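Okay, start-v4.txt now, which holds compact mmCIF, C-alpha atoms:
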```txt
# COMPACT_ATOMS: atom_id res chain seq x y z
CA MET H 1 0.00 0.00 0.00
CA THR H 2 1.42 3.37 -1.02
CA GLU H 3 1.14 5.92 1.71
CA PRO H 4 -0.22 9.33 0.76
CA ALA H 5 2.29 12.18 0.90
CA ILE H 6 0.14 14.27 3.19
CA THR H 7 -0.49 13.39 6.81
CA LEU H 8 -3.17 15.42 8.53
CA TYR H 9 -3.12 15.65 12.32
CA ARG H 10 -6.69 16.31 13.34
CA LEU H 11 -9.13 16.39 16.20
CA GLN H 12 -12.51 14.73 15.92
CA ALA H 13 -15.19 17.27 14.92
CA CYS H 14 -12.76 20.20 14.94
CA PRO H 15 -14.19 22.76 12.44
CA TYR H 16 -10.74 24.04 11.49
CA CYS H 17 -9.65 20.50 10.70
CA GLU H 18 -12.83 19.88 8.69
CA ARG H 19 -12.06 22.97 6.68
CA VAL H 20 -8.69 21.53 5.67
CA VAL H 21 -10.33 18.18 4.89
CA ARG H 22 -12.85 19.94 2.64
CA VAL H 23 -10.06 21.62 0.67
CA LEU H 24 -8.07 18.38 0.40
CA ASP H 25 -11.18 16.67 -0.98
CA GLN H 26 -11.95 19.53 -3.33
CA LEU H 27 -8.42 19.39 -4.72
CA ASP H 28 -8.56 15.59 -4.81
CA VAL H 29 -5.34 15.35 -2.80
CA PRO H 30 -4.87 12.00 -1.01
CA TYR H 31 -4.07 12.19 2.69
CA ARG H 32 -4.07 10.08 5.79
CA SER H 33 -5.67 11.12 9.04
CA ARG H 34 -3.97 10.89 12.40
CA TYR H 35 -6.35 11.67 15.22
CA VAL H 36 -5.12 13.23 18.44
CA GLU H 37 -6.76 14.02 21.75
CA PRO H 38 -8.74 17.12 22.75
CA MET H 39 -6.32 17.86 25.62
CA HIS H 40 -3.38 19.96 24.44
CA SER H 41 -1.13 18.23 26.96
CA GLU H 42 -1.83 14.94 25.15
CA ARG H 43 -0.56 16.20 21.82
CA ASN H 44 3.19 15.71 22.06
CA VAL H 45 3.35 14.27 18.56
CA VAL H 46 1.90 17.47 17.07
CA LYS H 47 4.33 19.59 19.05
CA ARG H 48 7.21 17.44 17.87
CA ILE H 49 6.38 17.69 14.19
CA SER H 50 5.13 21.29 14.01
CA GLY H 51 6.52 23.04 17.08
CA LYS H 52 3.01 23.76 18.33
CA ARG H 53 0.25 21.71 19.90
CA SER H 54 -2.54 23.09 17.75
CA VAL H 55 -4.45 21.21 15.09
CA PRO H 56 -4.92 20.99 12.21
CA ALA H 57 -1.32 20.37 11.25
CA ILE H 58 -0.08 18.78 8.07
CA VAL H 59 3.12 17.12 6.99
CA ASP H 60 3.68 16.96 3.25
CA ALA H 61 6.36 14.38 2.54
CA GLU H 62 6.32 15.37 -1.13
CA THR H 63 7.48 18.94 -0.52
CA GLY H 64 8.99 18.60 2.96
CA VAL H 65 6.54 21.18 4.30
CA THR H 66 5.14 21.00 7.83
CA MET H 67 2.50 23.53 8.71
CA SER H 68 -0.20 24.40 11.21
CA GLU H 69 -3.15 26.85 11.30
CA SER H 70 -5.97 26.14 8.92
CA GLY H 71 -5.72 29.45 7.04
CA ASN H 72 -2.06 28.84 6.23
CA ILE H 73 -2.72 25.24 5.31
CA VAL H 74 -5.59 26.05 2.99
CA GLU H 75 -3.49 28.70 1.27
CA TYR H 76 -0.59 26.29 0.93
CA LEU H 77 -2.76 23.49 -0.46
CA GLU H 78 -4.38 25.73 -3.04
CA ARG H 79 -1.05 27.20 -4.06
CA THR H 80 0.60 23.80 -4.33
CA TYR H 81 -2.18 21.52 -5.56
CA GLY H 82 -4.85 23.89 -6.93
CA GLY H 83 -4.90 24.60 -10.65
CA THR H 84 -5.90 28.19 -10.07
CA ALA H 85 -4.55 30.30 -7.23
CA GLY H 86 -6.48 32.28 -4.67
CA THR H 87 -9.92 30.66 -4.83
CA ASP H 88 -10.15 30.70 -1.07
CA ALA H 89 -7.97 33.75 -0.51
CA ALA H 90 -10.53 35.75 1.43
CA GLU H 91 -11.16 32.85 3.80
CA ALA H 92 -7.47 32.08 4.07
CA SER H 93 -6.78 35.34 5.82
CA VAL H 94 -9.08 34.29 8.64
CA GLY H 95 -6.93 31.62 10.24
CA GLY H 96 -7.78 29.46 13.19
CA ASP H 97 -7.02 26.36 15.07
CA ALA H 98 -8.11 24.33 18.02
CA MET W 1 -17.75 -27.97 44.41
CA PRO W 2 -16.67 -24.33 44.50
CA ASP W 3 -19.62 -22.01 44.96
CA PHE W 4 -18.78 -19.83 41.99
CA GLU W 5 -19.36 -20.27 38.29
CA VAL W 6 -16.77 -20.31 35.54
CA VAL W 7 -18.84 -19.71 32.42
CA SER W 8 -18.23 -22.14 29.59
CA LEU W 9 -18.14 -20.42 26.23
CA PRO W 10 -19.68 -22.04 23.17
CA PRO W 11 -17.20 -23.74 20.83
CA ALA W 12 -15.38 -21.18 18.69
CA ASP W 13 -14.95 -21.73 14.97
CA HIS W 14 -11.75 -19.73 15.04
CA ILE W 15 -8.78 -19.21 12.75
CA GLU W 16 -6.38 -22.13 13.24
CA ALA W 17 -2.59 -22.50 13.20
CA GLY W 18 -1.33 -22.75 9.62
CA GLU W 19 -3.98 -20.39 8.26
CA VAL W 20 -3.15 -16.89 7.13
CA ALA W 21 -4.54 -14.33 9.58
CA PRO W 22 -7.32 -12.45 7.76
CA ASP W 23 -6.50 -8.89 6.83
CA PHE W 24 -8.58 -6.03 8.23
CA THR W 25 -8.38 -2.27 8.57
CA ARG W 26 -9.22 -0.49 11.81
CA PRO W 27 -7.94 2.55 13.71
CA LEU W 28 -4.62 1.58 15.29
CA VAL W 29 -3.91 3.44 18.50
CA THR W 30 -0.48 4.37 19.82
CA THR W 31 0.37 6.50 22.83
CA GLU W 32 0.31 9.52 20.52
CA TYR W 33 -2.42 9.21 17.90
CA TRP W 34 -4.57 6.80 15.93
CA GLU W 35 -4.93 6.21 12.23
CA ASP W 36 -6.51 3.59 9.98
CA ARG W 37 -4.05 0.77 9.37
CA SER W 38 -4.40 -2.64 7.81
CA LEU W 39 -3.00 -5.69 9.55
CA ALA W 40 -1.19 -6.64 6.34
CA ASP W 41 0.48 -3.25 6.33
CA VAL W 42 1.49 -3.39 9.99
CA VAL W 43 2.84 -6.95 10.17
CA ASP W 44 6.46 -6.95 9.00
CA GLY W 45 7.88 -9.54 11.36
CA PRO W 46 6.85 -11.86 14.18
CA THR W 47 3.68 -10.46 15.68
CA LEU W 48 1.51 -11.34 18.65
CA LEU W 49 -2.13 -10.49 17.94
CA VAL W 50 -4.09 -10.38 21.19
CA PHE W 51 -7.88 -10.24 21.30
CA HIS W 52 -9.20 -9.21 24.69
CA PRO W 53 -12.32 -8.08 26.55
CA MET W 54 -13.13 -4.38 26.80
CA ASP W 55 -10.47 -2.06 28.17
CA GLY W 56 -11.14 -1.78 31.88
CA ALA W 57 -12.29 -5.38 32.30
CA PHE W 58 -9.94 -7.17 34.65
CA GLN W 59 -9.04 -9.73 32.00
CA ALA W 60 -7.65 -6.96 29.77
CA THR W 61 -5.77 -5.44 32.69
CA TYR W 62 -4.21 -8.75 33.77
CA LEU W 63 -3.25 -9.62 30.19
CA TYR W 64 -1.28 -6.42 29.73
CA ASN W 65 0.28 -6.69 33.17
CA GLU W 66 1.63 -10.10 32.14
CA ILE W 67 2.72 -8.90 28.69
CA ASP W 68 4.60 -6.05 30.37
CA ASP W 69 6.15 -8.33 33.00
CA ARG W 70 7.43 -10.68 30.31
CA GLY W 71 8.62 -7.82 28.11
CA TRP W 72 7.29 -9.43 24.95
CA ALA W 73 6.82 -6.09 23.18
CA ALA W 74 10.58 -5.64 23.25
CA ASP W 75 11.02 -8.87 21.26
CA ILE W 76 8.08 -8.90 18.84
CA ASP W 77 5.30 -6.58 17.71
CA VAL W 78 2.36 -6.86 20.06
CA LEU W 79 -1.00 -5.76 18.67
CA GLY W 80 -4.16 -5.77 20.77
CA VAL W 81 -7.76 -5.82 19.56
CA SER W 82 -10.84 -4.94 21.58
CA ILE W 83 -14.17 -3.23 21.02
CA SER W 84 -13.05 -0.21 23.03
CA THR W 85 -12.80 3.17 21.34
CA PRO W 86 -9.51 4.87 20.47
CA TYR W 87 -9.95 7.21 23.45
CA GLU W 88 -10.22 4.23 25.81
CA HIS W 89 -7.23 2.56 24.16
CA LYS W 90 -5.21 5.70 24.79
CA ARG W 91 -6.12 5.54 28.49
CA LEU W 92 -5.04 1.90 28.65
CA LEU W 93 -1.71 2.69 27.00
CA ASP W 94 -1.13 5.50 29.50
CA THR W 95 -0.83 2.95 32.28
CA ARG W 96 0.25 -0.37 30.72
CA GLY W 97 1.05 -2.16 27.48
CA GLU W 98 4.40 -0.47 26.89
CA GLY W 99 5.27 -0.67 23.20
CA VAL W 100 1.89 -2.20 22.38
CA ARG W 101 -0.45 -0.83 19.70
CA LEU W 102 -4.20 -1.39 19.87
CA PHE W 103 -6.79 -1.84 17.14
CA SER W 104 -10.26 -0.47 17.87
CA ASP W 105 -13.05 -2.78 16.66
CA PRO W 106 -16.28 -1.42 18.23
CA GLY W 107 -18.57 -3.44 15.95
CA ALA W 108 -16.67 -6.67 16.72
CA GLU W 109 -16.54 -7.50 13.00
CA VAL W 110 -12.86 -8.39 13.25
CA ALA W 111 -13.60 -10.58 16.26
CA ARG W 112 -16.29 -12.37 14.20
CA GLU W 113 -13.93 -12.77 11.25
CA TYR W 114 -11.46 -14.53 13.56
CA GLY W 115 -14.21 -16.53 15.23
CA VAL W 116 -13.56 -15.13 18.71
CA GLU W 117 -16.67 -13.03 19.28
CA HIS W 118 -18.50 -13.16 22.60
CA ASP W 119 -22.03 -11.94 23.37
CA ILE W 120 -21.94 -10.72 26.95
CA ASP W 121 -24.74 -11.81 29.24
CA GLY W 122 -26.46 -8.85 30.84
CA MET W 123 -25.02 -6.18 28.53
CA ALA W 124 -27.64 -5.90 25.80
CA GLY W 125 -26.30 -5.17 22.36
CA ILE W 126 -22.64 -5.67 23.21
CA THR W 127 -20.60 -8.26 21.38
CA GLU W 128 -16.94 -8.21 22.25
CA CYS W 129 -13.77 -10.27 21.87
CA ARG W 130 -13.19 -13.36 23.94
CA PRO W 131 -9.58 -13.65 25.07
CA ALA W 132 -7.47 -15.14 22.29
CA VAL W 133 -3.90 -14.96 21.04
CA PHE W 134 -2.63 -15.54 17.52
CA LEU W 135 1.13 -15.66 17.05
CA LEU W 136 1.96 -14.66 13.47
CA ASP W 137 5.10 -14.90 11.41
CA ALA W 138 6.15 -12.16 8.98
CA ASP W 139 3.81 -13.60 6.31
CA ARG W 140 0.83 -13.44 8.70
CA THR W 141 0.68 -17.22 8.95
CA VAL W 142 -0.63 -18.30 12.34
CA ARG W 143 2.07 -20.26 14.18
CA TYR W 144 0.40 -20.61 17.55
CA VAL W 145 -3.17 -20.04 18.66
CA TRP W 146 -5.09 -20.06 21.89
CA VAL W 147 -8.76 -19.14 22.27
CA ALA W 148 -10.57 -19.02 25.61
CA ALA W 149 -13.08 -21.83 26.11
CA GLU W 150 -14.43 -20.40 29.33
CA HIS W 151 -14.86 -17.09 31.04
CA PRO W 152 -12.63 -15.92 32.59
CA ALA W 153 -9.55 -17.60 31.11
CA PHE W 154 -6.00 -16.65 30.32
CA PRO W 155 -3.49 -18.10 27.88
CA ASP W 156 -0.80 -20.46 29.12
CA TYR W 157 1.83 -17.75 29.33
CA ASP W 158 4.80 -20.13 29.60
CA GLU W 159 3.67 -22.08 26.56
CA LEU W 160 3.13 -18.85 24.63
CA ASP W 161 6.55 -17.63 25.73
CA GLY W 162 8.03 -20.85 24.33
CA ALA W 163 6.20 -20.37 21.02
CA ILE W 164 7.48 -16.80 20.78
CA GLY W 165 11.00 -18.05 21.51
CA ASP W 166 10.70 -20.70 18.79
CA LEU W 167 9.47 -18.14 16.28
CA ILE W 168 12.11 -15.48 16.85
CA GLY W 169 14.86 -18.05 17.26
```
Please rewrite the model in this file as structure tokens.
Amino acid sequence: MTEPAITLYRLQACPYCERVVRVLDQLDVPYRSRYVEPMHSERNVVKRISGKRSVPAIVDAETGVTMSESGNIVEYLERTYGGTAGTDAAEASVGGDA
Amino acid sequence: MPDFEVVSLPPADHIEAGEVAPDFTRPLVTTEYWEDRSLADVVDGPTLLVFHPMDGAFQATYLYNEIDDRGWAADIDVLGVSISTPYEHKRLLDTRGEGVRLFSDPGAEVAREYGVEHDIDGMAGITECRPAVFLLDADRTVRYVWVAAEHPAFPDYDELDGAIGDLIG
């Protein structure tokens, strides 16, 4: 089984994570989900990979990019995998995480 | 006669030694996160696949105490399966099962596939795993199997230790 390049660290029912999922699906970019716990103190893996404990966070093995904050991630995904740039630019400026 | 009841379980039509352990995909829980993984993808060497009652049941607790005491997870991959959710698996791994990873099978479909399901008396709607161990080689062929025939029951740990020793050489 080939593993997708993108790993998404997410929290169940986190709206900021769902936003990233929606964009991944829209762009038809394969990804795997790694679920973490609601408690920030339980998120050492996210801290280790991204430097922060917030989700969503993505690791893109294809480009070597690791990133958190949904606004940044959406912008990155559209820039990297979207045919046309800036479709979600207005939304992208309103970042957020959980 | 002792004045307590050990419950006999119905005969299990379970996966036998020599068969290839059926593949399945379920969330696999580590101390840090969980993600969907297939057994075929995870098994890359000698592996002990342990089916057990719900996290929190004393049988699950005692099993992992023994696995920890014997340090099996340092020698081979130890994978647990129960109907407990990933959140409950994380709690279990906070206190025991060092180096163990746990599949979450809330619908007990994997347990049924392996023929080790158990309908619990007095808990309506809950089917879980009866205690069972399947020792797999790198090709997922079952090399040793034990399935509980009564409730409660535990594997013969010394015998299992011998089988693990034989497998890893």
Which of these, W:Pro86, W:Gly122, W:Pro11, W:Gly99, has the shortest distance to chain H once you count only C-alpha atoms? W:Pro86
Restrict the calculation to all atoms listed in the file, then for each residue of chain H with any atom at most 9 Å from an atom of chain W give the closest atom pair and their distance in Å to one decimal, rows by chain and rising residue number, as CSV.
```
residue,atom,partner,partner_atom,distance
H:Met1,CA,W:Asp41,CA,7.1
H:Tyr9,CA,W:Tyr33,CA,8.5
H:Arg32,CA,W:Glu35,CA,7.6
H:Ser33,CA,W:Glu35,CA,5.9
H:Arg34,CA,W:Glu35,CA,4.8
H:Tyr35,CA,W:Trp34,CA,5.2
H:Val36,CA,W:Tyr33,CA,4.9
H:Glu37,CA,W:Tyr33,CA,7.5
H:Glu42,CA,W:Glu32,CA,7.4
H:Arg43,CA,W:Glu32,CA,6.9
H:Asn44,CA,W:Glu32,CA,7.0
H:Val45,CA,W:Glu32,CA,6.0
H:Val46,CA,W:Glu32,CA,8.8
```
How far is it from CA of His40 in chain H to CA of Arg101 in chain W, in Å with one decimal?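 Pair CA of His40 in chain H / CA of Arg101 in chain W returns 21.5 Å.
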Give me the residues within 6 Å of range 132-143 of chain W as a PyMOL selection string, counting all atoms listed in the file and dropping any in the same chain fewer than 5 places off. chain W and resi 17-21+44-51+148
Calculated over only C-alpha atoms, which of the candidates W:Met54, W:Val81, W:Leu160, W:Val7 has the smallest distance to Ile67 in chain W?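 Of W:Met54, W:Val81, W:Leu160, W:Val7, the one nearest Ile67 in chain W is W:Leu160, counting only C-alpha atoms.
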What is the distance, in Å and to one decimal place, between CA of Thr25 in chain W and CA of Leu27 in chain H? 25.4 Å
To box range 73-76 of chain H, take all atoms listed in the file, fit an axis-aligned box, add 4 Å on each side, and give centre and edge lengths in Å to one decimal, as lines of an AutoDock Vina configuration file.
```
center_x = -3.1
center_y = 27.0
center_z = 3.1
size_x = 13.0
size_y = 11.5
size_z = 12.4
```
Could you state the separation of CA of Glu117 in chain W and CA of Phe154 in chain W in Å, given to one decimal place?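 CA of Phe154 in chain W lies 15.8 Å from CA of Glu117 in chain W.
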What's around Val74 in chain H at 7 Å? Count all atoms listed in the file, leave out sequence neighbours fewer than 3 positions away in its own chain, and write the answer as a list of chain:residue names.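 The residues satisfying every condition are H:Val20, H:Val23, H:Ser70, H:Gly71, H:Leu77, H:Glu78, H:Ala92.
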Which residue gives the smallest distance to Pro22 in chain W among W:Gly80, W:Pro106, W:Gly115, W:Gly56, with only C-alpha atoms counted?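 Of W:Gly80, W:Pro106, W:Gly115, W:Gly56, the one nearest Pro22 in chain W is W:Gly115, counting only C-alpha atoms.
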Would you mind telling me which residue in W:Asp158, W:Glu5, W:Asp77, W:Asp55 lies nearest to Val43 in chain W when using all atoms listed in the file?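 Smallest separation from Val43 in chain W among the options: W:Asp77.
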